[in-house]
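Please read the structure below before turning to the comments.
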Amino acid sequence: MAQHKSDVETVDALAKAYQELSSEIGKVIVGQEDVVRAVIISMFSNGHALLVGVPGLAKTLLVSTISEVLDLDFKRIQFTPDLMPSDISGSEILDENRQFRFLRGPIFANIVLADEINRTPPKTQAALLEAMQERVVTVGGHRHALPSPFFVLATQNPIEQEGTYPLPEAQLDRFMFNIPLTYPSYEQEVEVVKNTTTSRDVKLKHVLSATQIQEYQQLIRKIPVSDNVLEYAVSLVSKTRPGTNRATKEANNYLAWGAGPRASQYLALGAKCYAALRGKYSPDIEDVQAIASLVLRHRIVRNYKAEAEGVTEENIIEALL
């Protein structure tokens, strides 16, 4: 499987592949470089990502473009209040020979876009949770392995709360990153309108295969991290836990709940990948800081005081850093 002589060569190849990926994706997606980088980091770290933004910011287009450039199988599931767990995982049917046969659901893909994940009831959200965590689906007592690599990219609309079911904290914790999408700048929007209102047809080339992605995922795990960087990541997470001896003033004042150990793991993994994409062979503290808000934003729970005073998760994370 290894195509490179050494891990150093593989890091160089990953940094080069990332540049190619960015320029290919840039043919379709205008701007959003930070968002693209965050999605790619979560993929190479073998994590899942939650994209949060108002409608019309090209969340779906972004995910389908990334899957095309990565030459991966892509499925989109539109989450609705009447969606059942079997609509995601698949179901057993009786075939013409009166034998039970498993009919695979849309979850059997390399990249699954869970569109508007907060529109579906907790029972259906739980079906997705098992797939994300275990990378298997259980139907009729049988476990079915999901393809590899496997990523869930979920989108959430923050403004329309009518008919939504907020994601439980345990489910939010399964997402490596919470990635906010913002409005494009004036110049970017002009370019978007130019590109999308003409008969422009973009041909994308495949940059990486599933096998190469798995090779890079293994590489990220092998990248060394110095103790001081790991300690910084763990210390950052422990400062978010109110009522503990390491908690900061902001955490004690404004947080009901802090981040768990999974945040420390994702900070270390994400920093390794962030460093590798920039051609570095080992991450430093700046790399941890660069992804801290993506990892912590959805893992800290504000209290009533923070809501009353208009203190956001961002403000609390900025104070931490």
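We name chains A, B, ... following the order of the structure tokens; residues begin at 1 in each chain, and ligands are numbered from 1 as shown.
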
| So which residues of range 107-244 of chain A fall under alpha helix (DSSP H) by DSSP, listed as number ranges by chain? | A: 122-134, 169-172, 186-196, 210-222, 227-238

Only N, CA and C atoms, please: the residues just picked out, written as a short mmCIF file (atom, residue, chain, number, x, y, z; two decimals), in the first residue's frame.
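Writing the result to result29.cif gives the following:
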data_model
loop_
_atom_site.label_atom_id
_atom_site.label_comp_id
_atom_site.auth_asym_id
_atom_site.auth_seq_id
_atom_site.Cartn_x
_atom_site.Cartn_y
_atom_site.Cartn_z
N PRO A 122 -34.54 12.15 17.80
CA PRO A 122 -33.37 11.51 18.44
C PRO A 122 -33.16 10.05 18.04
N LYS A 123 -34.25 9.31 17.80
CA LYS A 123 -34.12 7.88 17.46
C LYS A 123 -33.33 7.71 16.16
N THR A 124 -33.62 8.57 15.19
CA THR A 124 -32.92 8.48 13.91
C THR A 124 -31.50 9.02 14.04
N GLN A 125 -31.33 10.08 14.85
CA GLN A 125 -29.99 10.61 15.09
C GLN A 125 -29.10 9.51 15.71
N ALA A 126 -29.70 8.68 16.58
CA ALA A 126 -28.94 7.61 17.26
C ALA A 126 -28.44 6.56 16.27
N ALA A 127 -29.21 6.31 15.20
CA ALA A 127 -28.79 5.33 14.19
C ALA A 127 -27.52 5.81 13.49
N LEU A 128 -27.47 7.12 13.27
CA LEU A 128 -26.28 7.70 12.63
C LEU A 128 -25.10 7.65 13.61
N LEU A 129 -25.40 7.84 14.89
CA LEU A 129 -24.37 7.84 15.94
C LEU A 129 -23.60 6.53 15.97
N GLU A 130 -24.31 5.40 15.88
CA GLU A 130 -23.64 4.09 15.91
C GLU A 130 -22.70 3.96 14.71
N ALA A 131 -23.19 4.38 13.55
CA ALA A 131 -22.39 4.28 12.33
C ALA A 131 -21.12 5.14 12.45
N MET A 132 -21.26 6.35 13.02
CA MET A 132 -20.11 7.25 13.15
C MET A 132 -19.07 6.69 14.11
N GLN A 133 -19.54 6.14 15.22
CA GLN A 133 -18.63 5.70 16.26
C GLN A 133 -18.04 4.32 15.96
N GLU A 134 -18.92 3.36 15.62
CA GLU A 134 -18.48 1.97 15.45
C GLU A 134 -18.06 1.65 14.02
N GLU A 169 -25.54 16.53 23.49
CA GLU A 169 -24.10 16.77 23.67
C GLU A 169 -23.28 15.52 23.30
N ALA A 170 -23.78 14.32 23.65
CA ALA A 170 -23.04 13.08 23.36
C ALA A 170 -22.86 12.91 21.86
N GLN A 171 -23.86 13.34 21.09
CA GLN A 171 -23.74 13.20 19.64
C GLN A 171 -22.82 14.27 19.06
N LEU A 172 -22.94 15.48 19.59
CA LEU A 172 -22.05 16.56 19.13
C LEU A 172 -20.59 16.19 19.34
N TYR A 186 -18.03 40.65 -0.61
CA TYR A 186 -18.71 41.26 -1.77
C TYR A 186 -18.08 40.75 -3.07
N GLU A 187 -16.73 40.76 -3.14
CA GLU A 187 -16.01 40.34 -4.36
C GLU A 187 -16.28 38.86 -4.66
N GLN A 188 -16.27 38.03 -3.59
CA GLN A 188 -16.51 36.60 -3.78
C GLN A 188 -17.92 36.35 -4.28
N GLU A 189 -18.88 37.12 -3.74
CA GLU A 189 -20.27 36.91 -4.16
C GLU A 189 -20.47 37.30 -5.62
N VAL A 190 -19.79 38.37 -6.05
CA VAL A 190 -19.86 38.76 -7.47
C VAL A 190 -19.36 37.60 -8.33
N GLU A 191 -18.23 36.99 -7.91
CA GLU A 191 -17.66 35.87 -8.67
C GLU A 191 -18.59 34.65 -8.68
N VAL A 192 -19.23 34.38 -7.53
CA VAL A 192 -20.17 33.26 -7.43
C VAL A 192 -21.31 33.46 -8.43
N VAL A 193 -21.88 34.67 -8.44
CA VAL A 193 -23.01 34.94 -9.32
C VAL A 193 -22.58 34.84 -10.79
N LYS A 194 -21.38 35.35 -11.12
CA LYS A 194 -20.85 35.22 -12.48
C LYS A 194 -20.75 33.76 -12.90
N ASN A 195 -20.17 32.94 -12.01
CA ASN A 195 -19.92 31.52 -12.32
C ASN A 195 -21.20 30.70 -12.44
N THR A 196 -22.21 31.07 -11.65
CA THR A 196 -23.39 30.18 -11.56
C THR A 196 -24.55 30.62 -12.45
N ALA A 210 -9.18 6.31 -2.59
CA ALA A 210 -9.49 5.84 -1.23
C ALA A 210 -8.24 5.24 -0.57
N THR A 211 -7.45 4.49 -1.35
CA THR A 211 -6.24 3.84 -0.80
C THR A 211 -5.23 4.89 -0.33
N GLN A 212 -5.06 5.95 -1.14
CA GLN A 212 -4.11 7.00 -0.75
C GLN A 212 -4.58 7.73 0.52
N ILE A 213 -5.89 7.94 0.61
CA ILE A 213 -6.42 8.62 1.80
C ILE A 213 -6.14 7.78 3.04
N GLN A 214 -6.33 6.45 2.93
CA GLN A 214 -6.05 5.57 4.07
C GLN A 214 -4.56 5.60 4.44
N GLU A 215 -3.71 5.70 3.43
CA GLU A 215 -2.26 5.80 3.70
C GLU A 215 -1.95 7.07 4.49
N TYR A 216 -2.59 8.19 4.07
CA TYR A 216 -2.36 9.46 4.76
C TYR A 216 -2.95 9.44 6.18
N GLN A 217 -4.08 8.74 6.35
CA GLN A 217 -4.66 8.62 7.70
C GLN A 217 -3.70 7.90 8.64
N GLN A 218 -3.06 6.85 8.13
CA GLN A 218 -2.08 6.12 8.96
C GLN A 218 -0.86 6.99 9.25
N LEU A 219 -0.47 7.79 8.25
CA LEU A 219 0.68 8.68 8.42
C LEU A 219 0.43 9.68 9.55
N ILE A 220 -0.77 10.29 9.57
CA ILE A 220 -1.09 11.30 10.60
C ILE A 220 -0.91 10.71 12.00
N ARG A 221 -1.32 9.45 12.17
CA ARG A 221 -1.17 8.77 13.47
C ARG A 221 0.30 8.63 13.85
N LYS A 222 1.17 8.49 12.82
CA LYS A 222 2.60 8.23 13.10
C LYS A 222 3.41 9.50 13.36
N ASP A 227 6.22 16.43 23.96
CA ASP A 227 5.42 16.42 25.20
C ASP A 227 4.84 17.78 25.53
N ASN A 228 5.61 18.84 25.28
CA ASN A 228 5.10 20.17 25.66
C ASN A 228 3.86 20.56 24.83
N VAL A 229 3.80 20.09 23.56
CA VAL A 229 2.64 20.39 22.71
C VAL A 229 1.43 19.58 23.20
N LEU A 230 1.66 18.31 23.53
CA LEU A 230 0.56 17.47 24.06
C LEU A 230 0.03 18.03 25.37
N GLU A 231 0.98 18.43 26.23
CA GLU A 231 0.57 18.98 27.53
C GLU A 231 -0.21 20.27 27.36
N TYR A 232 0.19 21.08 26.37
CA TYR A 232 -0.54 22.33 26.09
C TYR A 232 -1.98 22.02 25.67
N ALA A 233 -2.15 21.00 24.79
CA ALA A 233 -3.49 20.62 24.31
C ALA A 233 -4.37 20.15 25.47
N VAL A 234 -3.81 19.29 26.32
CA VAL A 234 -4.59 18.75 27.45
C VAL A 234 -4.90 19.86 28.46
N SER A 235 -3.93 20.74 28.66
CA SER A 235 -4.11 21.85 29.60
C SER A 235 -5.22 22.79 29.11
N LEU A 236 -5.24 23.04 27.79
CA LEU A 236 -6.26 23.91 27.19
C LEU A 236 -7.66 23.34 27.45
N VAL A 237 -7.80 22.03 27.27
CA VAL A 237 -9.10 21.38 27.47
C VAL A 237 -9.49 21.39 28.95
N SER A 238 -8.51 21.11 29.83
CA SER A 238 -8.84 21.05 31.27
C SER A 238 -9.26 22.43 31.81
#

| If you run DSSP on this backbone, which residues of range 69-233 of chain A come out as strand (DSSP E), and could you give them as an NGL selection string? | :A and (74-78 or 90-94 or 100-104 or 111-115 or 136-139 or 142-145 or 151-156 or 177-180)

| task | Excluding Asn178 in chain A and residues on its chain fewer than 6 positions from it, collect all residues at most 7 Å away from it, counting only C-alpha atoms, and give them as a list in words. | result |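 Those residues are Ala49, Leu50, Leu51, Leu294, Val295, Arg297 and His298 of chain A.
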
| task | Quote the spacing between CA of Thr164 in chain A and CA of Pro184 in chain A in Å to one decimal place. | result |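 Going from CA of Thr164 in chain A over to CA of Pro184 in chain A, I get 26.1 Å.
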
| request: Rank nothing, just name the residue among A:Asp7, A:Asp201, A:Asp173, A:Asp284 nearest to Leu296 in chain A, using only C-alpha atoms. | output: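 The closest residue to Leu296 in chain A is A:Asp173.
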
| query | Which one is closest to Tyr274 in chain A: A:Phe74, A:Tyr183, A:Tyr18, A:Phe79? Count only C-alpha atoms. | reply | A:Tyr18

| query | So which one's closest to Ile41 in chain A, A:Ala271, A:Ile300, A:Ile316, A:Pro121? Using only C-alpha atoms, please. | reply | A:Ala271

| query | Can you tell me how far CA of Leu14 in chain A sits from CA of Val207 in chain A, in Å to one decimal? | reply |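 Rounded to one decimal, the two atoms are 11.1 Å apart.
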
| message | Could you list, as a ChimeraX atom specification, every residue within 10 Å of range 99-106 of chain A, counting only C-alpha atoms and ignoring same-chain residues fewer than 4 positions away? | response | /A:74-77,85-95,112-113,137,139-140,142,144

Next, dump the selected residues to file, keeping only N, CA and C atoms, as a JSON list (two decimals), in the first residue's frame.
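The new file out_12.json reads:
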[["chain", "number", "residue", "atom", "x", "y", "z"],
["A", 74, "PHE", "N", -20.19, 8.99, -2.84],
["A", 74, "PHE", "CA", -20.85, 10.04, -2.06],
["A", 74, "PHE", "C", -22.36, 9.82, -2.04],
["A", 75, "LYS", "N", -22.96, 9.94, -0.85],
["A", 75, "LYS", "CA", -24.43, 9.85, -0.75],
["A", 75, "LYS", "C", -24.92, 11.01, 0.13],
["A", 76, "ARG", "N", -26.09, 11.53, -0.24],
["A", 76, "ARG", "CA", -26.67, 12.62, 0.54],
["A", 76, "ARG", "C", -27.97, 12.13, 1.16],
["A", 77, "ILE", "N", -28.14, 12.37, 2.48],
["A", 77, "ILE", "CA", -29.39, 12.02, 3.15],
["A", 77, "ILE", "C", -30.03, 13.32, 3.64],
["A", 85, "PRO", "N", -34.81, 5.28, 11.24],
["A", 85, "PRO", "CA", -33.45, 4.73, 11.24],
["A", 85, "PRO", "C", -33.17, 3.81, 10.05],
["A", 86, "SER", "N", -34.19, 3.02, 9.64],
["A", 86, "SER", "CA", -33.99, 2.10, 8.50],
["A", 86, "SER", "C", -33.79, 2.85, 7.18],
["A", 87, "ASP", "N", -34.27, 4.11, 7.11],
["A", 87, "ASP", "CA", -34.05, 4.92, 5.89],
["A", 87, "ASP", "C", -32.58, 5.28, 5.73],
["A", 88, "ILE", "N", -31.84, 5.22, 6.85],
["A", 88, "ILE", "CA", -30.41, 5.53, 6.81],
["A", 88, "ILE", "C", -29.59, 4.25, 6.65],
["A", 89, "SER", "N", -29.87, 3.28, 7.52],
["A", 89, "SER", "CA", -29.01, 2.09, 7.57],
["A", 89, "SER", "C", -29.39, 1.02, 6.56],
["A", 90, "GLY", "N", -30.65, 0.99, 6.16],
["A", 90, "GLY", "CA", -31.12, -0.07, 5.26],
["A", 90, "GLY", "C", -32.02, -1.02, 6.03],
["A", 91, "SER", "N", -32.62, -1.97, 5.32],
["A", 91, "SER", "CA", -33.57, -2.88, 5.98],
["A", 91, "SER", "C", -33.50, -4.26, 5.34],
["A", 92, "GLU", "N", -34.06, -5.24, 6.06],
["A", 92, "GLU", "CA", -34.10, -6.60, 5.53],
["A", 92, "GLU", "C", -35.42, -6.80, 4.80],
["A", 93, "ILE", "N", -35.34, -7.33, 3.58],
["A", 93, "ILE", "CA", -36.56, -7.57, 2.81],
["A", 93, "ILE", "C", -36.65, -9.06, 2.47],
["A", 94, "LEU", "N", -37.85, -9.52, 2.20],
["A", 94, "LEU", "CA", -38.08, -10.90, 1.81],
["A", 94, "LEU", "C", -37.99, -10.98, 0.29],
["A", 95, "ASP", "N", -37.02, -11.70, -0.24],
["A", 95, "ASP", "CA", -36.89, -11.75, -1.71],
["A", 95, "ASP", "C", -37.80, -12.82, -2.31],
["A", 112, "VAL", "N", -20.76, 10.57, 3.58],
["A", 112, "VAL", "CA", -22.20, 10.70, 3.75],
["A", 112, "VAL", "C", -22.49, 12.13, 4.19],
["A", 113, "LEU", "N", -23.32, 12.82, 3.41],
["A", 113, "LEU", "CA", -23.74, 14.17, 3.79],
["A", 113, "LEU", "C", -25.08, 14.05, 4.51],
["A", 137, "VAL", "N", -23.12, -1.04, 11.01],
["A", 137, "VAL", "CA", -24.57, -0.84, 11.12],
["A", 137, "VAL", "C", -25.16, -2.17, 11.57],
["A", 139, "VAL", "N", -28.50, -4.37, 11.76],
["A", 139, "VAL", "CA", -29.88, -4.51, 11.28],
["A", 139, "VAL", "C", -30.29, -5.97, 11.46],
["A", 140, "GLY", "N", -31.43, -6.19, 12.14],
["A", 140, "GLY", "CA", -31.92, -7.55, 12.35],
["A", 140, "GLY", "C", -30.91, -8.43, 13.08],
["A", 142, "HIS", "N", -27.74, -8.42, 12.80],
["A", 142, "HIS", "CA", -26.50, -8.66, 12.06],
["A", 142, "HIS", "C", -25.73, -7.35, 11.92],
["A", 144, "HIS", "N", -23.13, -5.04, 9.91],
["A", 144, "HIS", "CA", -22.62, -4.85, 8.54],
["A", 144, "HIS", "C", -21.56, -3.75, 8.59]]

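Shell of Tyr281 in chain A at 8 Å, with only C-alpha atoms counted and residues fewer than 4 places along the chain excluded, is Val8, Val11, Ile223, Pro224, Ala275 and Ala276 of chain A.
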
Using the selection just defined, write its residues with N, CA and C atoms as a PDB file, in the first residue's frame.
ATOM      1  N   VAL A   8       8.748  10.846   5.866  1.00  0.00           N
ATOM      2  CA  VAL A   8       9.064  12.239   5.496  1.00  0.00           C
ATOM      3  C   VAL A   8       8.576  12.505   4.064  1.00  0.00           C
ATOM      4  N   VAL A  11       4.817  12.838   4.054  1.00  0.00           N
ATOM      5  CA  VAL A  11       4.355  14.161   4.509  1.00  0.00           C
ATOM      6  C   VAL A  11       4.478  15.175   3.374  1.00  0.00           C
ATOM      7  N   ILE A 223       2.845  10.663  13.023  1.00  0.00           N
ATOM      8  CA  ILE A 223       3.599  11.912  13.186  1.00  0.00           C
ATOM      9  C   ILE A 223       3.913  12.135  14.672  1.00  0.00           C
ATOM     10  N   PRO A 224       5.192  12.391  15.014  1.00  0.00           N
ATOM     11  CA  PRO A 224       5.538  12.583  16.440  1.00  0.00           C
ATOM     12  C   PRO A 224       5.081  13.943  16.967  1.00  0.00           C
ATOM     13  N   ALA A 275      -0.323  20.667  10.708  1.00  0.00           N
ATOM     14  CA  ALA A 275       1.119  20.868  10.472  1.00  0.00           C
ATOM     15  C   ALA A 275       1.548  20.169   9.174  1.00  0.00           C
ATOM     16  N   ALA A 276       1.080  18.918   8.983  1.00  0.00           N
ATOM     17  CA  ALA A 276       1.487  18.141   7.799  1.00  0.00           C
ATOM     18  C   ALA A 276       1.032  18.806   6.502  1.00  0.00           C
TER      19      ALA A 276
END

| Val35 in chain A surroundings by only C-alpha atoms, 8 Å radius, close-in-sequence under 3 positions cut, as a PyMOL selection string | chain A and resi 32+38-39+179-181

Would you save the residues from that selection as an mmCIF file, in the first residue's frame, using N, CA and C atoms?
data_model
loop_
_atom_site.group_PDB
_atom_site.id
_atom_site.type_symbol
_atom_site.label_atom_id
_atom_site.label_comp_id
_atom_site.auth_asym_id
_atom_site.auth_seq_id
_atom_site.Cartn_x
_atom_site.Cartn_y
_atom_site.Cartn_z
ATOM 1 N N GLN A 32 -13.953 30.384 0.978
ATOM 2 C CA GLN A 32 -14.149 29.284 1.946
ATOM 3 C C GLN A 32 -12.897 28.417 2.136
ATOM 4 N N ALA A 38 -10.486 22.765 6.902
ATOM 5 C CA ALA A 38 -11.000 22.085 8.098
ATOM 6 C C ALA A 38 -11.643 20.743 7.740
ATOM 7 N N VAL A 39 -12.408 20.696 6.638
ATOM 8 C CA VAL A 39 -13.045 19.437 6.213
ATOM 9 C C VAL A 39 -11.971 18.410 5.851
ATOM 10 N N ILE A 179 -17.619 23.391 12.165
ATOM 11 C CA ILE A 179 -17.064 24.366 11.214
ATOM 12 C C ILE A 179 -18.123 25.410 10.855
ATOM 13 N N PRO A 180 -17.910 26.672 11.243
ATOM 14 C CA PRO A 180 -18.898 27.698 10.896
ATOM 15 C C PRO A 180 -18.692 28.193 9.463
ATOM 16 N N LEU A 181 -19.780 28.362 8.728
ATOM 17 C CA LEU A 181 -19.696 28.945 7.384
ATOM 18 C C LEU A 181 -20.250 30.362 7.454
#

| Which one of A:Leu269, A:Ala15, A:Leu21, A:Leu167 sits closest to Leu204 in chain A if you count only C-alpha atoms? |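 Among A:Leu269, A:Ala15, A:Leu21, A:Leu167, it is A:Leu21 that comes nearest to Leu204 in chain A.
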
| message | I'd like the neighbourhood of Ile117 in chain A as a ChimeraX atom specification, where a residue qualifies if any of its atoms comes within 7 Å (using only C-alpha atoms), though same-chain residues fewer than 3 positions away should be ignored. | response | /A:79,114,120,154-156

Residues just named, written with N, CA and C atoms as a compact mmCIF listing (two decimals), in the first residue's frame:
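The resulting out.txt:
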# COMPACT_ATOMS: atom_id res chain seq x y z
N PHE A 79 -32.32 15.00 6.00
CA PHE A 79 -32.97 14.66 7.26
C PHE A 79 -34.30 15.42 7.41
N ALA A 114 -25.08 14.35 5.80
CA ALA A 114 -26.32 14.34 6.58
C ALA A 114 -26.85 15.77 6.59
N THR A 120 -34.30 15.85 12.40
CA THR A 120 -34.83 14.50 12.59
C THR A 120 -34.86 14.13 14.08
N ALA A 154 -22.05 16.51 8.42
CA ALA A 154 -23.44 16.90 8.69
C ALA A 154 -23.57 18.41 8.58
N THR A 155 -24.72 18.86 8.12
CA THR A 155 -24.96 20.31 8.09
C THR A 155 -26.08 20.65 9.06
N GLN A 156 -25.98 21.85 9.61
CA GLN A 156 -26.99 22.30 10.56
C GLN A 156 -27.29 23.76 10.27

| said: With distances taken over only C-alpha atoms, which residue among A:Val136, A:Leu267, A:Val69, A:Leu277 lies nearest Phe150 in chain A? | reply: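 Of A:Val136, A:Leu267, A:Val69, A:Leu277, the one nearest Phe150 in chain A, counting only C-alpha atoms, is A:Val136.
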